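Asks: Let me begin by handing over the structure; questions about it come next.
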Amino acid sequence: MSDIYLETLIDADIHHVFDLARDIDLHQKSTSRSNEKAIAGRTSGLIEKSETVTWRAKHLGVYQTLTTKIISMEKPHQFTDIMLKGAFKSMRHQHMFRDVEGKTLMTDRFEFESPFGIIGKLLNTIYLTHYLKTFLLERNELIKTIAEESEMRD
């Protein structure tokens with residue numbers, strides 16, 4: 001099992017950051033490089049507990065689909081999604097939010113396991129962990145930019 005842990009400090013209200021992190025439309029903007037689109041389940045707006053979304057995107061040169069489900073949500077402090085169907089053997093993404101002196105500390109814990117036994121573990125070590133970390137960092141940077149620009153306008 002591979003584990004990616006990221007923290008992003010955002011100068012914005014926790015409620016606003018929480019909503020941006022579960023916004024399907026914003027996610028699609030942040031993943032334009034892989035042409036990620038929501039194609040089934042919740043395909044627009046804010047995803048809620050027990051809802052699913054199926055994504056179609058080009059990763060590693062191949063179009064793939066991934067269906068996830070929000071299995072827990074405590075607004076505005078956390079939500080967790082898991083893979084129901086897709087290329088991973090397993091996947092779990094915890095999104096956590098904490099108020100820190102009027103700013104929001106957004107924490108991602110992304111755990112995944114690749115199929116194909118030892119070959120999958122080798123792929124994780126050589127390439128996939130870095131690829132997914134960069135993918136999450138790009139998403140987080142867009143959330144931070146939009147949240148902080150919104151705060152400046154208010």
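Residue names in the structure tokens use chain letters A, B, ... in the order shown, residue numbers from 1 in each chain, and ligand numbers from 1 in the order shown.
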Find the nearest atom pair between each residue of stretch 49-103 of chain A and stretch 27-44 of chain A for residues within 7 Å, count only C-alpha atoms, give distances in Å to one decimal, sort rows by chain and ascending number, and present the table as a Markdown table.

Replies:
| residue | atom | partner | partner_atom | distance |
| --- | --- | --- | --- | --- |
| A:Glu51 | CA | A:Arg42 | CA | 6.8 |
| A:Thr52 | CA | A:Gly41 | CA | 5.2 |
| A:Val53 | CA | A:Gly41 | CA | 4.5 |
| A:Thr54 | CA | A:Ala40 | CA | 5.0 |
| A:Trp55 | CA | A:Ala38 | CA | 4.6 |
| A:Arg56 | CA | A:Lys37 | CA | 5.3 |
| A:Ala57 | CA | A:Glu36 | CA | 4.1 |
| A:Lys58 | CA | A:Ser34 | CA | 5.0 |
| A:His59 | CA | A:Ser34 | CA | 6.2 |

Asks: May I have the selected residues written with C-alpha atoms, as a PDB file, in the first residue's frame?

Replies:
ATOM      1  CA  GLU A  51     -22.939   9.752  -3.592  1.00  0.00           C
ATOM      2  CA  THR A  52     -20.764   8.287  -6.323  1.00  0.00           C
ATOM      3  CA  VAL A  53     -18.987   9.785  -9.288  1.00  0.00           C
ATOM      4  CA  THR A  54     -17.432   8.019 -12.250  1.00  0.00           C
ATOM      5  CA  TRP A  55     -14.470   9.774 -13.815  1.00  0.00           C
ATOM      6  CA  ARG A  56     -13.009   9.214 -17.261  1.00  0.00           C
ATOM      7  CA  ALA A  57      -9.465  10.462 -17.809  1.00  0.00           C
ATOM      8  CA  LYS A  58      -6.318   9.816 -19.774  1.00  0.00           C
ATOM      9  CA  HIS A  59      -3.561   8.591 -17.474  1.00  0.00           C
TER      10      HIS A  59
END

Asks: Can you list, as JSON, numbers by chain, every protein, DNA or RNA residue that comes within 6 Å of A:Arg22 when you count only C-alpha atoms, leaving out same-chain residues fewer than 3 positions away?

Replies: {"A": [19, 46, 47]}

Asks: Residues as selected, all heavy atoms, written as a short mmCIF file (atom, residue, chain, number, x, y, z; two decimals), in the first residue's frame, can you do that?

Replies:
data_model
loop_
_atom_site.label_atom_id
_atom_site.label_comp_id
_atom_site.auth_asym_id
_atom_site.auth_seq_id
_atom_site.Cartn_x
_atom_site.Cartn_y
_atom_site.Cartn_z
N ASP A 19 -16.03 23.21 0.68
CA ASP A 19 -16.91 23.11 -0.49
C ASP A 19 -16.13 23.07 -1.79
O ASP A 19 -16.48 22.32 -2.71
CB ASP A 19 -17.91 24.27 -0.50
CG ASP A 19 -19.03 24.08 0.51
OD1 ASP A 19 -19.18 22.97 1.06
OD2 ASP A 19 -19.75 25.08 0.76
N LEU A 46 -21.62 20.04 -5.84
CA LEU A 46 -20.95 19.55 -4.64
C LEU A 46 -21.37 18.12 -4.33
O LEU A 46 -22.55 17.85 -4.13
CB LEU A 46 -21.29 20.45 -3.44
CG LEU A 46 -20.95 21.93 -3.59
CD1 LEU A 46 -21.33 22.69 -2.33
CD2 LEU A 46 -19.48 22.13 -3.93
N ILE A 47 -20.41 17.24 -4.28
CA ILE A 47 -20.71 15.85 -3.96
C ILE A 47 -21.02 15.72 -2.47
O ILE A 47 -20.47 16.44 -1.64
CB ILE A 47 -19.55 14.91 -4.39
CG1 ILE A 47 -20.03 13.46 -4.42
CG2 ILE A 47 -18.30 15.12 -3.56
CD1 ILE A 47 -19.20 12.55 -5.28
#

Asks: Please provide the set of residues having any atom within 7 Å of stretch 115-123 of chain A, restricted to only C-alpha atoms, with same-chain residues fewer than 4 positions apart removed, written as number ranges by chain.

Replies: A: 88-89, 127-128

Asks: Keeping only all heavy atoms, write the selected residues as a CSV table (one decimal), in the first residue's frame.

Replies:
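In the end it all went to out-v1.csv:
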chain,number,residue,atom,x,y,z
A,88,PHE,N,-7.0,0.7,-9.8
A,88,PHE,CA,-6.3,0.3,-8.6
A,88,PHE,C,-6.8,-0.9,-8.0
A,88,PHE,O,-8.0,-1.3,-8.3
A,88,PHE,CB,-6.4,1.4,-7.6
A,88,PHE,CG,-5.8,2.7,-7.9
A,88,PHE,CD1,-6.6,3.8,-8.2
A,88,PHE,CD2,-4.4,2.9,-8.0
A,88,PHE,CE1,-6.0,5.1,-8.6
A,88,PHE,CE2,-3.8,4.1,-8.3
A,88,PHE,CZ,-4.6,5.2,-8.6
A,89,LYS,N,-6.0,-1.6,-7.2
A,89,LYS,CA,-6.5,-2.7,-6.5
A,89,LYS,C,-7.4,-2.2,-5.3
A,89,LYS,O,-8.4,-2.7,-5.0
A,89,LYS,CB,-5.3,-3.5,-5.9
A,89,LYS,CG,-5.7,-4.8,-5.2
A,89,LYS,CD,-4.5,-5.6,-4.8
A,89,LYS,CE,-4.9,-6.9,-4.1
A,89,LYS,NZ,-3.7,-7.6,-3.7
A,127,TYR,N,7.3,5.3,-10.4
A,127,TYR,CA,6.6,6.3,-11.1
A,127,TYR,C,5.3,6.8,-10.5
A,127,TYR,O,5.0,8.0,-10.4
A,127,TYR,CB,6.3,5.8,-12.5
A,127,TYR,CG,5.6,6.8,-13.4
A,127,TYR,CD1,6.2,7.9,-13.9
A,127,TYR,CD2,4.2,6.6,-13.7
A,127,TYR,CE1,5.6,8.8,-14.7
A,127,TYR,CE2,3.5,7.6,-14.5
A,127,TYR,CZ,4.2,8.6,-15.0
A,127,TYR,OH,3.6,9.6,-15.8
A,128,LEU,N,4.4,5.9,-10.1
A,128,LEU,CA,3.0,6.2,-9.8
A,128,LEU,C,2.8,7.1,-8.6
A,128,LEU,O,2.0,8.1,-8.6
A,128,LEU,CB,2.2,4.9,-9.7
A,128,LEU,CG,0.7,5.1,-9.8
A,128,LEU,CD1,0.3,5.8,-11.1
A,128,LEU,CD2,0.0,3.7,-9.7

Asks: Determine, for each residue of stretch 93-139 of chain A having at least one atom at most 9 Å from an atom of stretch 12-15 of chain A, the closest pair of atoms and their separation in Å to one decimal, counting only C-alpha atoms; order by chain and ascending number, as a tab-separated table.

Replies:
residue	atom	partner	partner_atom	distance
A:Phe97	CA	A:Ile14	CA	6.8
A:Arg98	CA	A:Ile14	CA	7.0
A:Asp99	CA	A:Ile14	CA	6.2
A:Gly102	CA	A:Asp13	CA	6.8
A:Lys103	CA	A:Ala12	CA	5.3
A:Thr104	CA	A:Ile14	CA	5.2
A:Leu105	CA	A:Ile14	CA	8.2
A:Met106	CA	A:Ile14	CA	8.7

Asks: Export N, CA and C atoms of the chosen residues as a PDB file, in the first residue's frame?

Replies:
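And here's out_0.pdb as it stands now:
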ATOM      1  N   PHE A  97      -9.846  18.986   7.096  1.00  0.00           N
ATOM      2  CA  PHE A  97      -9.790  20.445   7.142  1.00  0.00           C
ATOM      3  C   PHE A  97      -9.790  20.888   8.597  1.00  0.00           C
ATOM      4  N   ARG A  98      -8.892  21.837   8.911  1.00  0.00           N
ATOM      5  CA  ARG A  98      -8.813  22.337  10.276  1.00  0.00           C
ATOM      6  C   ARG A  98      -8.569  23.837  10.242  1.00  0.00           C
ATOM      7  N   ASP A  99      -9.298  24.550  11.103  1.00  0.00           N
ATOM      8  CA  ASP A  99      -9.107  25.993  11.227  1.00  0.00           C
ATOM      9  C   ASP A  99      -7.827  26.246  12.020  1.00  0.00           C
ATOM     10  N   GLY A 102      -7.761  31.346  11.711  1.00  0.00           N
ATOM     11  CA  GLY A 102      -8.499  31.998  10.641  1.00  0.00           C
ATOM     12  C   GLY A 102      -8.150  31.518   9.247  1.00  0.00           C
ATOM     13  N   LYS A 103      -7.188  30.638   9.141  1.00  0.00           N
ATOM     14  CA  LYS A 103      -6.834  30.026   7.860  1.00  0.00           C
ATOM     15  C   LYS A 103      -7.284  28.572   7.911  1.00  0.00           C
ATOM     16  N   THR A 104      -7.215  27.896   6.781  1.00  0.00           N
ATOM     17  CA  THR A 104      -7.613  26.490   6.731  1.00  0.00           C
ATOM     18  C   THR A 104      -6.422  25.627   6.367  1.00  0.00           C
ATOM     19  N   LEU A 105      -6.165  24.636   7.209  1.00  0.00           N
ATOM     20  CA  LEU A 105      -5.160  23.636   6.885  1.00  0.00           C
ATOM     21  C   LEU A 105      -5.901  22.470   6.234  1.00  0.00           C
ATOM     22  N   MET A 106      -5.660  22.285   4.944  1.00  0.00           N
ATOM     23  CA  MET A 106      -6.277  21.200   4.185  1.00  0.00           C
ATOM     24  C   MET A 106      -5.255  20.069   4.092  1.00  0.00           C
TER      25      MET A 106
END

Asks: Enter the distance from atom CA of A:Glu48 to atom CA of A:Met73, in Å, rounded to one decimal.

Replies: 7.6 Å
